[in-house]
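Structure data follow from upload_33.cif (mmCIF, C-alpha atoms):
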data_coords
loop_
_atom_site.label_atom_id
_atom_site.label_comp_id
_atom_site.auth_asym_id
_atom_site.auth_seq_id
_atom_site.Cartn_x
_atom_site.Cartn_y
_atom_site.Cartn_z
CA MET A 23 0.00 0.00 0.00
CA SER A 24 2.65 2.52 0.98
CA GLY A 25 5.21 1.09 -1.44
CA ASP A 26 8.71 2.04 -0.41
CA ARG A 27 7.60 5.34 1.06
CA ARG A 28 8.52 5.91 4.69
CA VAL A 29 5.43 7.05 6.58
CA LEU A 30 5.33 8.79 9.96
CA ILE A 31 2.16 9.30 11.98
CA ILE A 32 2.44 12.32 14.28
CA LEU A 33 0.19 12.29 17.34
CA PRO A 34 0.21 15.56 19.30
CA ALA A 35 -0.76 14.56 22.86
CA TRP A 36 -1.50 16.63 25.93
CA ASN A 37 -2.39 14.57 29.01
CA GLU A 38 -3.58 11.59 26.97
CA GLU A 39 -2.17 8.70 29.04
CA ASP A 40 -5.60 6.99 29.23
CA GLY A 41 -6.51 6.84 25.55
CA LEU A 42 -3.08 6.75 23.95
CA PRO A 43 -2.13 3.05 24.34
CA SER A 44 -5.28 1.81 22.55
CA VAL A 45 -4.85 4.39 19.75
CA LEU A 46 -1.21 3.31 19.23
CA ARG A 47 -2.12 -0.39 19.35
CA GLU A 48 -4.84 0.12 16.72
CA ILE A 49 -2.37 1.90 14.42
CA GLN A 50 0.28 -0.79 14.88
CA GLU A 51 -2.21 -3.57 14.15
CA GLN A 52 -3.79 -1.99 11.09
CA LEU A 53 -0.70 -0.30 9.62
CA PRO A 54 2.41 -2.27 10.58
CA TYR A 55 4.46 -0.43 7.92
CA VAL A 56 4.22 3.05 9.49
CA ASP A 57 6.20 4.63 12.33
CA THR A 58 4.57 6.74 15.01
CA LEU A 59 5.79 9.78 16.88
CA VAL A 60 3.96 10.96 19.96
CA VAL A 61 4.64 14.63 20.65
CA ASP A 62 4.14 15.07 24.38
CA ASP A 63 3.09 18.71 24.58
CA GLY A 64 4.23 19.36 28.15
CA SER A 65 1.87 16.83 29.76
CA ALA A 66 1.57 16.65 33.53
CA ASP A 67 0.76 12.92 33.44
CA SER A 68 2.87 10.05 32.10
CA THR A 69 1.85 10.43 28.44
CA ALA A 70 5.48 10.13 27.30
CA ALA A 71 6.24 6.98 29.33
CA VAL A 72 2.98 5.31 28.25
CA ALA A 73 3.72 6.08 24.59
CA LYS A 74 7.26 4.74 24.87
CA ALA A 75 6.00 1.57 26.59
CA ALA A 76 3.54 1.11 23.68
CA GLY A 77 6.51 1.08 21.31
CA SER A 78 6.27 4.56 19.82
CA ALA A 79 8.95 7.20 19.36
CA VAL A 80 8.40 10.11 21.72
CA ALA A 81 9.41 13.77 21.54
CA GLN A 82 8.80 15.55 24.81
CA LEU A 83 8.38 19.32 24.91
CA PRO A 84 9.53 20.92 28.16
CA PHE A 85 6.33 23.01 28.38
CA ASN A 86 2.95 23.26 26.67
CA LEU A 87 3.06 24.96 23.25
CA GLY A 88 -0.39 24.06 21.89
CA VAL A 89 -1.19 21.88 18.88
CA GLY A 90 0.57 24.16 16.39
CA GLY A 91 3.77 24.11 18.45
CA ALA A 92 3.63 20.35 18.84
CA MET A 93 3.07 19.93 15.10
CA ARG A 94 6.12 21.93 13.99
CA LEU A 95 8.18 19.72 16.29
CA GLY A 96 6.60 16.67 14.62
CA TYR A 97 7.41 17.97 11.14
CA ARG A 98 10.98 18.83 12.17
CA TYR A 99 11.35 15.24 13.41
CA ALA A 100 9.93 13.88 10.13
CA GLN A 101 12.27 16.13 8.16
CA GLN A 102 15.35 15.15 10.21
CA HIS A 103 14.60 11.44 9.94
CA GLY A 104 13.86 11.55 6.22
CA TYR A 105 10.20 10.53 6.11
CA ASP A 106 8.38 10.78 2.78
CA VAL A 107 4.91 11.20 4.23
CA ALA A 108 3.72 12.70 7.52
CA ILE A 109 0.20 12.11 8.82
CA GLN A 110 -1.34 14.07 11.65
CA VAL A 111 -3.72 12.11 13.87
CA ASP A 112 -5.39 13.16 17.14
CA ALA A 113 -4.25 11.18 20.18
CA ASP A 114 -7.77 11.01 21.64
CA GLY A 115 -8.99 8.28 19.28
CA GLN A 116 -11.38 10.46 17.24
CA HIS A 117 -9.57 9.66 14.00
CA ASP A 118 -10.00 6.15 12.64
CA PRO A 119 -6.67 4.79 11.33
CA ALA A 120 -8.64 2.68 8.84
CA TYR A 121 -8.85 5.81 6.63
CA ILE A 122 -5.08 6.35 6.50
CA PRO A 123 -4.57 4.15 3.40
CA ALA A 124 -7.12 6.35 1.59
CA LEU A 125 -5.14 9.48 2.53
CA LEU A 126 -1.88 7.80 1.43
CA GLU A 127 -3.39 6.73 -1.90
CA ARG A 128 -4.55 10.28 -2.64
CA LEU A 129 -1.01 11.55 -1.98
CA ALA A 130 0.61 8.80 -4.05
CA THR A 131 -1.26 9.79 -7.21
CA GLY A 132 0.53 13.13 -7.03
CA GLU A 133 -2.65 15.18 -7.40
CA ALA A 134 -2.33 16.63 -3.90
CA ASP A 135 0.39 17.80 -1.51
CA LEU A 136 -1.94 18.03 1.49
CA VAL A 137 -4.86 15.64 1.99
CA ILE A 138 -7.45 16.40 4.64
CA GLY A 139 -9.73 13.82 6.22
CA ALA A 140 -13.08 15.62 6.12
CA ARG A 141 -16.06 14.81 8.32
CA PHE A 142 -18.90 16.33 6.34
CA ALA A 143 -18.09 14.88 2.96
CA GLY A 144 -20.76 12.20 3.00
CA ASP A 145 -19.14 9.48 5.06
CA GLY A 146 -20.15 9.09 8.71
CA ASN A 147 -22.66 11.12 10.68
CA TYR A 148 -20.71 13.70 12.67
CA LYS A 149 -22.98 16.70 13.30
CA VAL A 150 -22.70 20.16 14.82
CA GLY A 151 -25.35 22.86 15.07
CA GLY A 152 -26.03 26.59 15.59
CA PRO A 153 -23.43 29.35 15.33
CA ARG A 154 -20.59 26.83 15.32
CA LYS A 155 -22.08 25.32 12.17
CA TRP A 156 -22.28 28.76 10.51
CA ALA A 157 -18.67 29.43 11.46
CA MET A 158 -17.57 26.17 9.89
CA LYS A 159 -19.74 26.86 6.82
CA LEU A 160 -18.17 30.29 6.36
CA LEU A 161 -14.68 28.86 6.75
CA SER A 162 -15.39 26.15 4.17
CA VAL A 163 -16.68 28.66 1.62
CA VAL A 164 -13.71 31.02 2.02
CA LEU A 165 -11.07 28.30 2.20
CA SER A 166 -12.57 26.45 -0.77
CA ARG A 167 -12.12 29.68 -2.74
CA ILE A 168 -8.50 30.06 -1.59
CA THR A 169 -7.51 26.45 -2.23
CA LYS A 170 -9.55 26.23 -5.46
CA THR A 171 -11.15 22.94 -4.41
CA LYS A 172 -14.28 21.98 -2.50
CA LEU A 173 -13.49 21.73 1.20
CA THR A 174 -16.18 20.83 3.71
CA ASP A 175 -14.23 20.39 6.95
CA THR A 176 -11.45 22.94 7.22
CA THR A 177 -10.72 22.50 10.93
CA SER A 178 -10.09 18.77 10.71
CA GLY A 179 -6.83 17.76 12.39
CA PHE A 180 -6.68 14.54 10.35
CA ARG A 181 -4.30 15.24 7.46
CA ALA A 182 -1.43 13.84 5.45
CA CYS A 183 1.30 15.62 3.51
CA ASN A 184 4.23 14.81 1.23
CA ARG A 185 7.97 15.49 1.51
CA PRO A 186 8.04 19.07 0.14
CA LEU A 187 5.33 20.07 2.61
CA ILE A 188 7.23 18.35 5.44
CA GLU A 189 10.20 20.59 4.56
CA PHE A 190 7.81 23.57 4.39
CA PHE A 191 6.05 22.87 7.70
CA ALA A 192 9.33 22.05 9.48
CA ARG A 193 10.30 25.69 8.87
CA TRP A 194 6.92 27.34 9.11
CA TYR A 195 4.04 26.15 11.26
CA PRO A 196 1.92 28.73 13.07
CA VAL A 197 1.70 28.23 16.82
CA GLU A 198 -1.31 30.43 17.54
CA TYR A 199 -5.02 29.61 17.82
CA LEU A 200 -6.35 27.71 14.77
CA GLY A 201 -2.86 27.97 13.28
CA ASP A 202 -2.57 24.20 13.24
CA THR A 203 -5.55 23.85 10.92
CA ILE A 204 -6.70 27.01 9.13
CA GLU A 205 -3.57 29.11 8.91
CA SER A 206 -1.25 26.23 7.99
CA MET A 207 -3.61 25.31 5.16
CA VAL A 208 -3.88 28.88 3.87
CA GLY A 209 -0.08 29.24 4.05
CA ALA A 210 0.45 26.05 2.06
CA ALA A 211 -2.19 27.00 -0.53
CA ARG A 212 -0.81 30.54 -0.94
CA SER A 213 2.64 29.08 -1.54
CA GLY A 214 1.23 26.99 -4.40
CA PHE A 215 0.70 23.59 -2.75
CA THR A 216 -2.40 21.61 -3.74
CA VAL A 217 -4.98 20.76 -1.07
CA ARG A 218 -7.55 17.98 -1.46
CA GLN A 219 -9.95 16.24 0.88
CA VAL A 220 -11.00 12.64 1.45
CA PRO A 221 -14.25 11.77 3.24
CA VAL A 222 -13.82 10.09 6.60
CA SER A 223 -16.15 9.34 9.49
CA MET A 224 -15.22 10.60 12.89
CA ARG A 225 -15.66 8.60 16.07
CA ALA A 226 -16.95 9.99 19.36
CA ARG A 227 -14.09 11.29 21.42
CA THR A 228 -13.08 9.03 24.28
CA THR A 229 -11.75 11.82 26.51
CA GLY A 230 -12.50 15.54 26.87
CA THR A 231 -15.64 17.50 25.96
CA PRO A 232 -16.42 19.63 22.91
CA SER A 233 -17.10 23.37 23.33
CA ALA A 234 -20.72 24.04 22.44
CA SER A 235 -22.41 27.11 24.03
CA PRO A 236 -23.72 29.77 21.60
CA PHE A 237 -21.51 32.44 23.21
CA ARG A 238 -18.40 30.30 22.82
CA ALA A 239 -19.43 29.62 19.23
CA MET A 240 -19.64 33.38 18.54
CA VAL A 241 -16.17 33.86 20.04
CA TYR A 242 -14.99 30.98 17.86
CA LEU A 243 -16.48 32.62 14.77
CA SER A 244 -14.79 35.96 15.37
CA ARG A 245 -11.44 34.42 16.25
CA ALA A 246 -11.61 32.23 13.15
CA GLY A 247 -12.38 35.33 11.07
CA LEU A 248 -9.37 37.16 12.48
CA VAL A 249 -7.08 34.16 11.92
CA LEU A 250 -8.33 33.90 8.35
CA LEU A 251 -7.80 37.60 7.67
CA LEU A 252 -4.26 37.52 9.10
CA ALA A 253 -3.44 34.33 7.19
CA MET A 254 -4.48 36.06 3.96
CA ILE A 255 -2.43 39.23 4.41
CA ARG A 256 0.62 37.78 6.17
CA ARG A 257 3.90 37.88 4.32
CA MET A 258 5.35 34.39 3.98
CA PRO A 259 9.09 33.97 4.61
CA LYS A 260 10.90 34.08 1.26
CA GLU A 261 13.12 31.04 1.84
CA LEU A 262 10.03 28.79 1.81
CA LYS A 263 9.74 29.26 -1.97
CA GLU A 264 12.67 26.85 -2.22
CA PHE A 265 10.32 23.92 -1.52
CA ALA A 266 7.07 25.14 -3.07
CA PRO A 267 5.71 24.00 -6.45
CA GLY A 268 7.70 25.70 -9.19
CA SER A 269 11.04 25.25 -7.42
CA ARG A 270 13.80 22.92 -8.60
CA TYR A 271 13.41 20.90 -5.40
CA TYR A 272 9.71 20.34 -6.07
CA ALA A 273 10.30 19.39 -9.71
CA ALA A 274 12.86 16.76 -8.65
CA PHE A 275 10.39 15.45 -6.06
CA THR A 276 7.57 15.12 -8.62
CA GLN A 277 9.88 13.22 -10.96
CA ARG A 278 10.97 10.80 -8.21
CA ALA A 279 7.36 10.26 -7.14
CA ALA A 280 6.26 9.52 -10.71
CA GLU A 281 9.07 6.98 -11.16
CA ARG A 282 8.17 5.31 -7.87
CA ARG A 283 4.53 5.08 -8.91
CA ARG A 284 5.45 3.57 -12.27
CA ARG A 285 7.59 0.93 -10.50
CA GLU A 286 4.74 0.09 -8.14
CA LEU A 287 2.26 -0.26 -10.97
CA THR A 288 4.50 -2.62 -12.97
CA LYS A 289 5.11 -4.67 -9.82
CA ALA A 290 1.41 -5.00 -9.07
CA MET B 9 4.07 74.63 46.92
CA GLN B 10 5.06 75.42 43.39
CA LEU B 11 4.35 72.94 40.61
CA SER B 12 7.94 73.20 39.37
CA ILE B 13 9.29 71.78 42.66
CA LEU B 14 7.14 68.64 42.35
CA THR B 15 7.98 68.07 38.68
CA SER B 16 11.70 68.79 39.02
CA ILE B 17 12.10 66.40 41.99
CA THR B 18 10.17 63.67 40.15
CA GLY B 19 12.30 64.19 37.03
CA LEU B 20 15.54 63.93 38.98
CA LEU B 21 14.37 60.83 40.91
CA VAL B 22 13.42 59.01 37.70
CA LEU B 23 16.72 59.92 36.05
CA GLY B 24 18.62 58.76 39.15
CA TYR B 25 16.70 55.47 39.23
CA ILE B 26 17.49 54.73 35.56
CA LEU B 27 21.19 55.44 36.18
CA GLU B 28 21.16 53.23 39.27
CA LEU B 29 19.54 50.31 37.36
CA LEU B 30 22.18 50.71 34.66
CA ARG B 31 24.98 50.85 37.25
CA ARG B 32 23.77 47.58 38.80
CA GLN B 33 23.53 46.02 35.32
CA GLN B 34 19.81 45.33 35.76
CA LEU B 35 18.90 47.07 32.50
CA ARG B 36 20.23 46.09 29.09
CA GLU B 37 21.86 49.00 27.23
CA LYS B 38 19.50 48.68 24.26
CA TYR B 39 16.51 49.53 26.46
CA ALA B 40 18.41 51.87 28.77
CA ALA B 41 19.41 54.15 25.91
CA ILE B 42 15.76 55.01 25.21
CA TRP B 43 14.95 55.65 28.85
CA LEU B 44 18.07 57.68 29.45
CA ALA B 45 17.32 59.89 26.45
CA ILE B 46 13.77 60.42 27.73
CA GLY B 47 15.04 61.20 31.23
CA LEU B 48 17.57 63.74 30.04
CA LEU B 49 14.95 65.40 27.85
CA VAL B 50 12.27 65.57 30.54
CA ALA B 51 14.35 66.50 33.62
CA PRO B 52 15.02 70.15 32.58
CA LEU B 53 11.31 70.57 31.85
CA GLY B 54 10.65 69.78 35.50
CA PHE B 55 12.51 72.91 36.55
CA VAL B 56 11.02 75.20 33.90
CA PRO B 57 7.54 73.90 32.98
CA ASP B 58 6.90 76.98 30.77
CA LEU B 59 9.81 76.11 28.50
CA LEU B 60 7.54 74.47 25.92
CA ASP B 61 4.73 77.04 25.96
CA SER B 62 5.80 78.79 22.77
CA THR B 63 6.29 75.51 20.90
CA ALA B 64 2.92 74.29 22.16
CA ARG B 65 1.14 77.43 20.94
CA ARG B 66 2.75 77.10 17.54
CA LEU B 67 1.38 73.51 17.33
CA GLY B 68 -2.07 74.64 18.39
CA VAL B 69 -1.86 73.18 21.92
CA ALA B 70 -3.03 75.47 24.74
CA SER B 71 -0.09 75.00 27.11
CA GLY B 72 3.31 73.31 27.41
CA ALA B 73 2.01 70.96 30.12
CA SER B 74 -0.66 69.58 27.74
CA LEU B 75 1.96 69.07 25.05
CA VAL B 76 4.19 67.11 27.46
CA LEU B 77 1.18 65.03 28.51
CA PHE B 78 0.29 64.23 24.89
CA ALA B 79 3.88 63.46 23.87
CA GLY B 80 4.29 61.33 27.00
CA PHE B 81 1.21 59.28 26.14
CA VAL B 82 2.37 58.63 22.58
CA LEU B 83 5.79 57.67 23.92
CA ILE B 84 4.40 55.18 26.47
CA LEU B 85 2.29 53.66 23.68
CA LEU B 86 5.34 53.18 21.47
CA VAL B 87 7.39 51.74 24.31
CA SER B 88 4.68 49.13 25.17
CA LEU B 89 4.39 48.24 21.50
CA HIS B 90 8.15 47.75 21.39
CA LEU B 91 7.96 45.48 24.44
CA SER B 92 5.18 43.38 22.82
CA TRP B 93 7.37 43.07 19.75
CA GLU B 94 10.32 41.95 21.84
CA THR B 95 8.12 39.40 23.67
CA SER B 96 6.89 37.94 20.37
CA ARG B 97 10.47 37.56 19.22
CA LEU B 98 11.49 35.96 22.52
CA GLU B 99 8.53 33.54 22.36
CA ALA B 100 9.55 32.45 18.86
CA GLU B 101 13.10 31.87 20.10
CA THR B 102 11.88 29.93 23.16
CA ARG B 103 9.68 27.79 20.92
CA THR B 104 12.63 26.85 18.70
CA LEU B 105 14.72 26.07 21.78
CA ALA B 106 11.98 23.85 23.24
CA GLU B 107 11.75 21.96 19.93
CA ASP B 108 15.52 21.50 19.84
CA VAL B 109 15.52 20.16 23.40
CA ALA B 110 12.71 17.73 22.51
CA LEU B 111 14.45 16.53 19.31
CA ILE B 112 17.77 15.96 21.11
CA ARG B 113 16.01 14.18 23.96
CA ALA B 114 14.06 11.97 21.52
CA HIS B 115 17.34 11.09 19.79
CA LEU B 116 19.01 10.19 23.08
CA VAL B 117 16.05 8.06 24.18
CA GLN B 118 16.28 6.16 20.87
CA GLN B 119 20.00 5.63 21.45
CA GLY B 120 18.93 4.07 24.72
CA ASN B 121 20.91 6.05 27.23
CA TYR B 122 18.61 8.78 28.40
CA PRO B 123 16.57 8.16 31.54
CA MET B 124 12.84 8.74 31.16
CA ALA B 125 10.74 9.26 34.26
CA ASP B 126 7.47 7.35 34.45
CA ARG B 127 5.33 9.34 36.84
CA ALA B 128 2.57 6.71 36.95
CA ALA B 129 5.08 3.98 37.87
CA ASP B 130 6.62 6.27 40.48
CA ALA B 131 3.18 6.90 41.94
CA SER B 132 2.25 3.20 42.09
CA ALA B 133 5.65 2.43 43.66
CA ALA B 134 4.92 5.11 46.26
CA ASP B 135 1.49 3.56 46.86
CA ALA B 136 3.08 0.14 47.35
CA THR B 137 5.57 1.53 49.87
CA GLU B 138 2.75 3.27 51.70
CA ALA B 139 0.72 0.03 51.82
CA GLN B 140 3.72 -1.78 53.24
CA VAL B 141 4.20 0.86 55.90
CA ASN B 142 0.50 0.77 56.82
CA SER B 143 0.28 -3.02 57.11
#
Would you mind writing the file's structure down as structure tokens?
Amino acid sequence: MSGDRRVLIILPAWNEEDGLPSVLREIQEQLPYVDTLVVDDGSADSTAAVAKAAGSAVAQLPFNLGVGGAMRLGYRYAQQHGYDVAIQVDADGQHDPAYIPALLERLATGEADLVIGARFAGDGNYKVGGPRKWAMKLLSVVLSRITKTKLTDTTSGFRACNRPLIEFFARWYPVEYLGDTIESMVGAARSGFTVRQVPVSMRARTTGTPSASPFRAMVYLSRAGLVLLLAMIRRMPKELKEFAPGSRYYAAFTQRAAERRRRELTKA
Amino acid sequence: MQLSILTSITGLLVLGYILELLRRQQLREKYAAIWLAIGLLVAPLGFVPDLLDSTARRLGVASGASLVLFAGFVLILLVSLHLSWETSRLEAETRTLAEDVALIRAHLVQQGNYPMADRAADASAADATEAQVNS
């Protein structure tokens, strides 16, 4: 399925010692060919020890940085260790690893650099209501325009990306609120990377509670709007162009990927 | 009491405090320079508050005191903005440092010679000891 690509699953975890072992076991059973990295985002419990005992690599931050901070660490690890694909999965068990082959397949065809596992794309029955739904609707409309593709679940933390984007995210990954989902996507799209989505169904979270009051949803809407506005007008660091589509690095990557795919097809 | 006595004493005290912080190396030069310049500029005004009256009138401000108040407010605003900017920069640096620490630690753990504390195991060991003591 993954061919000779080296795949890393990054699980940002903050106080997840209860759910983490079963999530890791599920991944290891279903996808024996991938490596996992648990990014312990300054947990107060024994998240890191539990992850190590379950046979995963662990990177332990000395203090809490938030999901965006944990993710740049994950991408730096993937970049340092030469992984071809990095997949972001929540440590709370919401994301079903059974969909990972679908994400990998979409990347392998070369039609996308970033593949998002989307909840509202037909599969599954995850539902939200009220102002939070409007906020998500607005985000989908605007982000679909920016990425020039139909996106239905822009805040999904279930995503996979290829080597050029690993290089890109290892150098640039926003740490602030919604930076791990919205701003990182806008940054990648503005730099010329292709974003696509794959329908997935989401499971009920095993730990933690979702935020749902109308007031909190309004706050969410305005913060999301601000993040979106900033993401649109922010100047991207120039050195990132080195890895974006159109660069020599990216051209070489596309060529290698095409050759690999041809080899796999003749083998099959 | 005359206003000029109050303002001149305050001006001198602030200037003295900045110099003292600098002397004890509690203030980095890059910040101290700004404060020192401000102190030197403001201290004489404490003695002669009317010094700026003519400039103020030319700018359309009623009195020198109002002009100093306005300029002071703008200045404080700029200084806080500068501090926010410095904090943002420091946070970005701290973030990179934290990532580096985590990457090095992960590498050492994989090499197999970095101790990793298991708080849950420690806690259960402590429980066991406690049970022993109690029995």
Could you write out as lines of an AutoDock Vina configuration file the box around region 26-38 of chain B (axis-aligned, all atoms listed in the file, 5 Å on each side), with centre and edge lengths in Å to one decimal?
center_x = 21.2
center_y = 50.4
center_z = 31.8
size_x = 17.5
size_y = 20.1
size_z = 25.0
*asked:* I'd like to know which of A:Ala92, A:Ile49, A:Ala76, A:Ile204 is closest to chain B, using all atoms listed in the file.
replied: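 Closest candidate: A:Ala92.
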Report the closest atom pair, with its distance in Å rounded to one decimal, for each residue of chain A that has an atom no farther than 8 Å from chain B; count only C-alpha atoms, sort by chain and then rising residue number, and write it as a Markdown table.
| residue | atom | partner | partner_atom | distance |
| --- | --- | --- | --- | --- |
| A:Asp67 | CA | B:Arg127 | CA | 6.7 |
| A:Ser68 | CA | B:Arg127 | CA | 5.4 |
| A:Ala70 | CA | B:Asp126 | CA | 7.9 |
| A:Ala71 | CA | B:Asp126 | CA | 5.3 |
| A:Val72 | CA | B:Asp126 | CA | 7.9 |
| A:Ala79 | CA | B:Ala114 | CA | 7.3 |
| A:Val80 | CA | B:Ala114 | CA | 6.0 |
| A:Ala81 | CA | B:Ala114 | CA | 5.0 |
| A:Gln82 | CA | B:Ala110 | CA | 5.0 |
| A:Leu83 | CA | B:Ala110 | CA | 5.2 |
| A:Pro84 | CA | B:Ala106 | CA | 6.2 |
| A:Phe85 | CA | B:Ala106 | CA | 7.7 |
| A:Leu87 | CA | B:Arg103 | CA | 7.6 |
| A:Gly91 | CA | B:Arg103 | CA | 7.4 |
| A:Leu95 | CA | B:Glu107 | CA | 5.6 |
| A:Tyr99 | CA | B:Leu111 | CA | 6.8 |
*Determine the residue membership of the PyMOL selection byres ((chain B and resi 76) around 12) for the file above and supply it as a ChimeraX atom specification.*
/B:15,46,49-51,53-54,57-61,63-64,69-75,77-84
*asked:* Nearest residue to Arg282 (chain A) out of A:Thr131, A:Ser78, A:Asn37, A:Asn86, using only C-alpha atoms?
replied: A:Thr131
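Taking CA of Arg94 (chain A) and CA of Phe191 (chain A) as endpoints, the distance between them is 6.4 Å.
As for CA of Glu48 (chain A) and CA of Gln119 (chain B), they are spaced 25.9 Å apart.
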*Residue nearest Leu44 (chain B) - candidates B:Val56, B:Thr102, B:Tyr25, B:Ser62, atoms counted: all atoms listed in the file*: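 Nearest candidate to Leu44 (chain B) out of B:Val56, B:Thr102, B:Tyr25, B:Ser62: B:Tyr25.
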_With only C-alpha atoms as the counted atoms, please give the residues lying no more than 10 Å from His103 (chain A), apart from itself and same-chain residues fewer than 4 positions off, as a list in words._
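Using only C-alpha atoms, the neighbours found are Arg28, Leu30, Tyr97, Arg98 and Tyr99 of chain A.
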*Apply the PyMOL selection byres ((chain A and resi 243) around 9) to the file shown and report the selected residues as a count of residues only.*
16
_Let me make sure I understand: among A:Ser206, A:Gln101, A:Thr216, A:Thr174, which one has the smallest atom-to-atom distance to Ile188 (chain A) if we use only C-alpha atoms?_
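For Ile188 (chain A), the nearest of the given residues is A:Gln101.
One distance worth recording is that between CA of Arg285 (chain A) and CA of Asp26 (chain A), which is 10.2 Å.
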*Report as a VMD selection string the residues that result from applying the PyMOL selection byres ((chain A and resi 256) around 12) to the structure here.*
chain A and resid 196 205 to 206 208 to 209 212 to 213 248 to 255 257 to 260
*Nearest candidate to Thr18 (chain B) (options B:Ser96, B:Val87, B:Arg65, B:Pro52; using all atoms listed in the file)*: B:Pro52
